[in-house]
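Heads up, the thing below is written out as structure tokens.
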Amino acid sequence: MLFPSNIFLFCFLPVVLVLYYGGCHVLLKNHMVAKNILLLIASLIFYAYGEGWNLILLIVSIGMNYVFGLLFERKTDSERADHKSSGFRRTIFVLALLGNLGILFVFKYLDFVIANSNRFFHTNLPLTEIVLPIGISFFTFQALSYIIDVYRGTVRVQRDPIKLGLYIALFPQLVAGPVVRYDAIEKQMVDRKESYSLFGEGVVRFIVGLGKKVLLADTMALFASRILTEVSGGSAISVSMAWLGAVAYTLQIYYDFSGYSDMAIGLGKMFGFTFMENFNYPYISKSVSEFWRRWHISIATWFRDYVYIPLGGNTHDWRTYRNIFVVWLLTGLWHGAGWTYIMWGMLYFVVLVAERLTGLGRRRKLPPVVDHIYTMLIVIVGMAIFMSPSLSVAMQYLRNMFGIGAAGVVDAVTVFYLKDNWIFFTLAVLFVTPIGKKLEKISWLYQILLGFILLLSIVYILKGNYSPFIYFSF
């Protein structure tokens, strides 16, 4: 079920809100157990609506991690006081990692491994053709966060299956994040405080995200997909067309993903939850290092805390670069089972290592405008790789961007696209900056703007416009 859809906006969400505040809140006098049960049931229905039998996979993930959590509490007379180092706990921890990562591997990476085995080792293994369940990377990483933190002893085992299920499956951030840490939401499942002001903040945040997704991301998607289709079909395009497509995709993925994050954070506020921010205006960054402190913050901190630091973090020797390599190889693979994602990850590995060696990411050696242009060039080139369906298409696209085999420098189609849609491109570029924060200070103008965004978004949704969502494939 998509947030910007008729079924969600006009049926699912109103019914859940009425039951939450009209049933649980009034009839049961703020009974938190009833509210959690309602939200868990609603979340499972939300997932089942579009995923069908894949709901079983989500339930298995909840049940499996619940059992593993309970097993961590098991004690024997022979165990030492430091249970973290006990053989039993290590065994359970390894099994928990294998269980979670095994599910992710089978459903997301198995066919990639089989296809490459057939290609490079001349085997003839049949593909499983398993359909990728939506959101599997997100809810698996949340489950892993719980398991790792319980093993480390930084959080307590959750003995209530409803609460653990709600943490893993809560519908606002189930299919597209942000990836919520268990310690950030544990207390909120027991003692969260709803209020009119928090609900209002949630509604505003949801409208902002809805507008980002429907009005800007979906418009940019039209150009990006058309241009990429031409390259994928073997057609040569002009340099200007290649850059237009890459820029359009760069804007699309930002508004697509940050829009969904905004809607998730807004929905959370409506039910009394506070989720971490996931984006902080990444396109104003003046280094690639800064960009990754601002982009997809929840997954970046996940890899930092659960991969980079355990590997040794900044060891100030060659191991630091090994650790960066591992993180970016895994980050690329997390986004998808494909060589383009690995190539994209390796691009950032090389650039981040170069920034570390030169100090570019920490010390200003160039004028700010030059730093910004350099950063965005890296990001746009990376997006051209990221959006390509194969390495061959990615290389052809990059060649076109830099004039190798391109059909001229500027063509009439590029000019037509820009002349006909300059308003959307201008708004898309404008609102990657914090200008929205400044508009919030002009209360009456901001309220009028929000009303216009909501109305126009609903019109677009009712018309059934083209509305892909990039991160559903992750």
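The way I read the labels, and the way they are meant: chains A, B, ... in the order of the structure tokens, residue 1 as the first residue of every chain, and ligand 1 as the first ligand shown, with later ones counted on from there.
Residues surrounding Val415 (chain A) within 12 Å are A:Ser238, A:Ser240, A:Met241, A:Leu244, A:Val409, A:Val410, A:Asp411, A:Lys419, A:Asp420, A:Asn421, A:Trp422 [only C-alpha atoms; sequence separation below 4 positions excluded].
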So which residues of region 384-453 of chain A fall under helix (DSSP H, G or I) by DSSP, listed as an mmCIF file with C-alpha atoms, in the first residue's frame?
data_model
loop_
_atom_site.group_PDB
_atom_site.id
_atom_site.type_symbol
_atom_site.label_atom_id
_atom_site.label_comp_id
_atom_site.auth_asym_id
_atom_site.auth_seq_id
_atom_site.Cartn_x
_atom_site.Cartn_y
_atom_site.Cartn_z
ATOM 1 C CA ALA A 384 23.753 8.007 -13.394
ATOM 2 C CA ILE A 385 25.392 4.731 -12.388
ATOM 3 C CA PHE A 386 22.824 4.017 -9.686
ATOM 4 C CA MET A 387 19.806 4.384 -11.985
ATOM 5 C CA LEU A 391 26.961 -1.933 -16.160
ATOM 6 C CA SER A 392 26.874 -1.690 -19.948
ATOM 7 C CA VAL A 393 24.035 0.835 -19.829
ATOM 8 C CA ALA A 394 25.799 2.741 -17.045
ATOM 9 C CA MET A 395 29.011 2.996 -19.082
ATOM 10 C CA GLN A 396 27.103 4.065 -22.187
ATOM 11 C CA TYR A 397 25.250 6.686 -20.172
ATOM 12 C CA LEU A 398 28.474 8.066 -18.684
ATOM 13 C CA ARG A 399 30.071 8.192 -22.135
ATOM 14 C CA ASN A 400 27.111 10.228 -23.407
ATOM 15 C CA MET A 401 27.366 12.567 -20.411
ATOM 16 C CA ALA A 412 16.035 20.481 -29.527
ATOM 17 C CA VAL A 413 14.414 17.844 -27.282
ATOM 18 C CA THR A 414 16.405 19.019 -24.252
ATOM 19 C CA VAL A 415 15.449 22.621 -24.948
ATOM 20 C CA PHE A 416 11.796 21.600 -25.338
ATOM 21 C CA TYR A 417 11.779 19.682 -22.048
ATOM 22 C CA LEU A 418 13.281 22.622 -20.181
ATOM 23 C CA LYS A 419 11.037 25.259 -21.788
ATOM 24 C CA ASP A 420 7.903 23.218 -21.192
ATOM 25 C CA TRP A 422 10.950 25.018 -16.277
ATOM 26 C CA ILE A 423 8.603 25.682 -13.349
ATOM 27 C CA PHE A 424 8.935 22.111 -12.017
ATOM 28 C CA PHE A 425 12.719 22.091 -12.475
ATOM 29 C CA THR A 426 13.037 25.491 -10.789
ATOM 30 C CA LEU A 427 10.929 24.410 -7.809
ATOM 31 C CA ALA A 428 12.776 21.103 -7.577
ATOM 32 C CA VAL A 429 16.151 22.852 -7.442
ATOM 33 C CA LEU A 430 14.867 25.578 -5.113
ATOM 34 C CA ILE A 435 14.081 27.826 1.855
ATOM 35 C CA GLY A 436 11.107 25.865 3.200
ATOM 36 C CA LYS A 437 12.319 26.541 6.744
ATOM 37 C CA LYS A 438 12.253 30.255 6.024
ATOM 38 C CA LEU A 439 8.711 30.027 4.643
ATOM 39 C CA GLU A 440 7.573 28.368 7.880
ATOM 40 C CA SER A 443 2.779 31.545 9.166
ATOM 41 C CA TRP A 444 -0.134 32.685 6.988
ATOM 42 C CA LEU A 445 1.794 32.177 3.737
ATOM 43 C CA TYR A 446 3.019 28.739 4.833
ATOM 44 C CA GLN A 447 -0.506 27.604 5.711
ATOM 45 C CA ILE A 448 -1.830 28.726 2.315
ATOM 46 C CA LEU A 449 1.057 26.939 0.608
ATOM 47 C CA LEU A 450 0.367 23.716 2.533
ATOM 48 C CA GLY A 451 -3.305 23.825 1.578
ATOM 49 C CA PHE A 452 -2.374 24.304 -2.082
ATOM 50 C CA ILE A 453 0.142 21.437 -1.944
#
Among listed residues A:Glu201, A:Leu132, A:Leu70, A:Ser457, nearest Lys108 (chain A) (using only C-alpha atoms):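 Among the listed residues, A:Leu132 lies closest to Lys108 (chain A).
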Between A:Ala300, A:Leu251, A:Ala176, A:Cys11, which has the minimum distance to Leu215 (chain A) (counting only C-alpha atoms)? A:Leu251
All residues 7 Å or closer to region 138-147 of chain A, only C-alpha atoms, same chain fewer than 3 positions away omitted, as a list in words: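 Surrounding residues, per the criterion: Asn65, Gly69, Asn100, Gly135, Val150, Tyr151, Ile168, Ala169, Leu174, Val175, Ala176, Gly177, Val179, Val180, Arg181 and Tyr182 of chain A.
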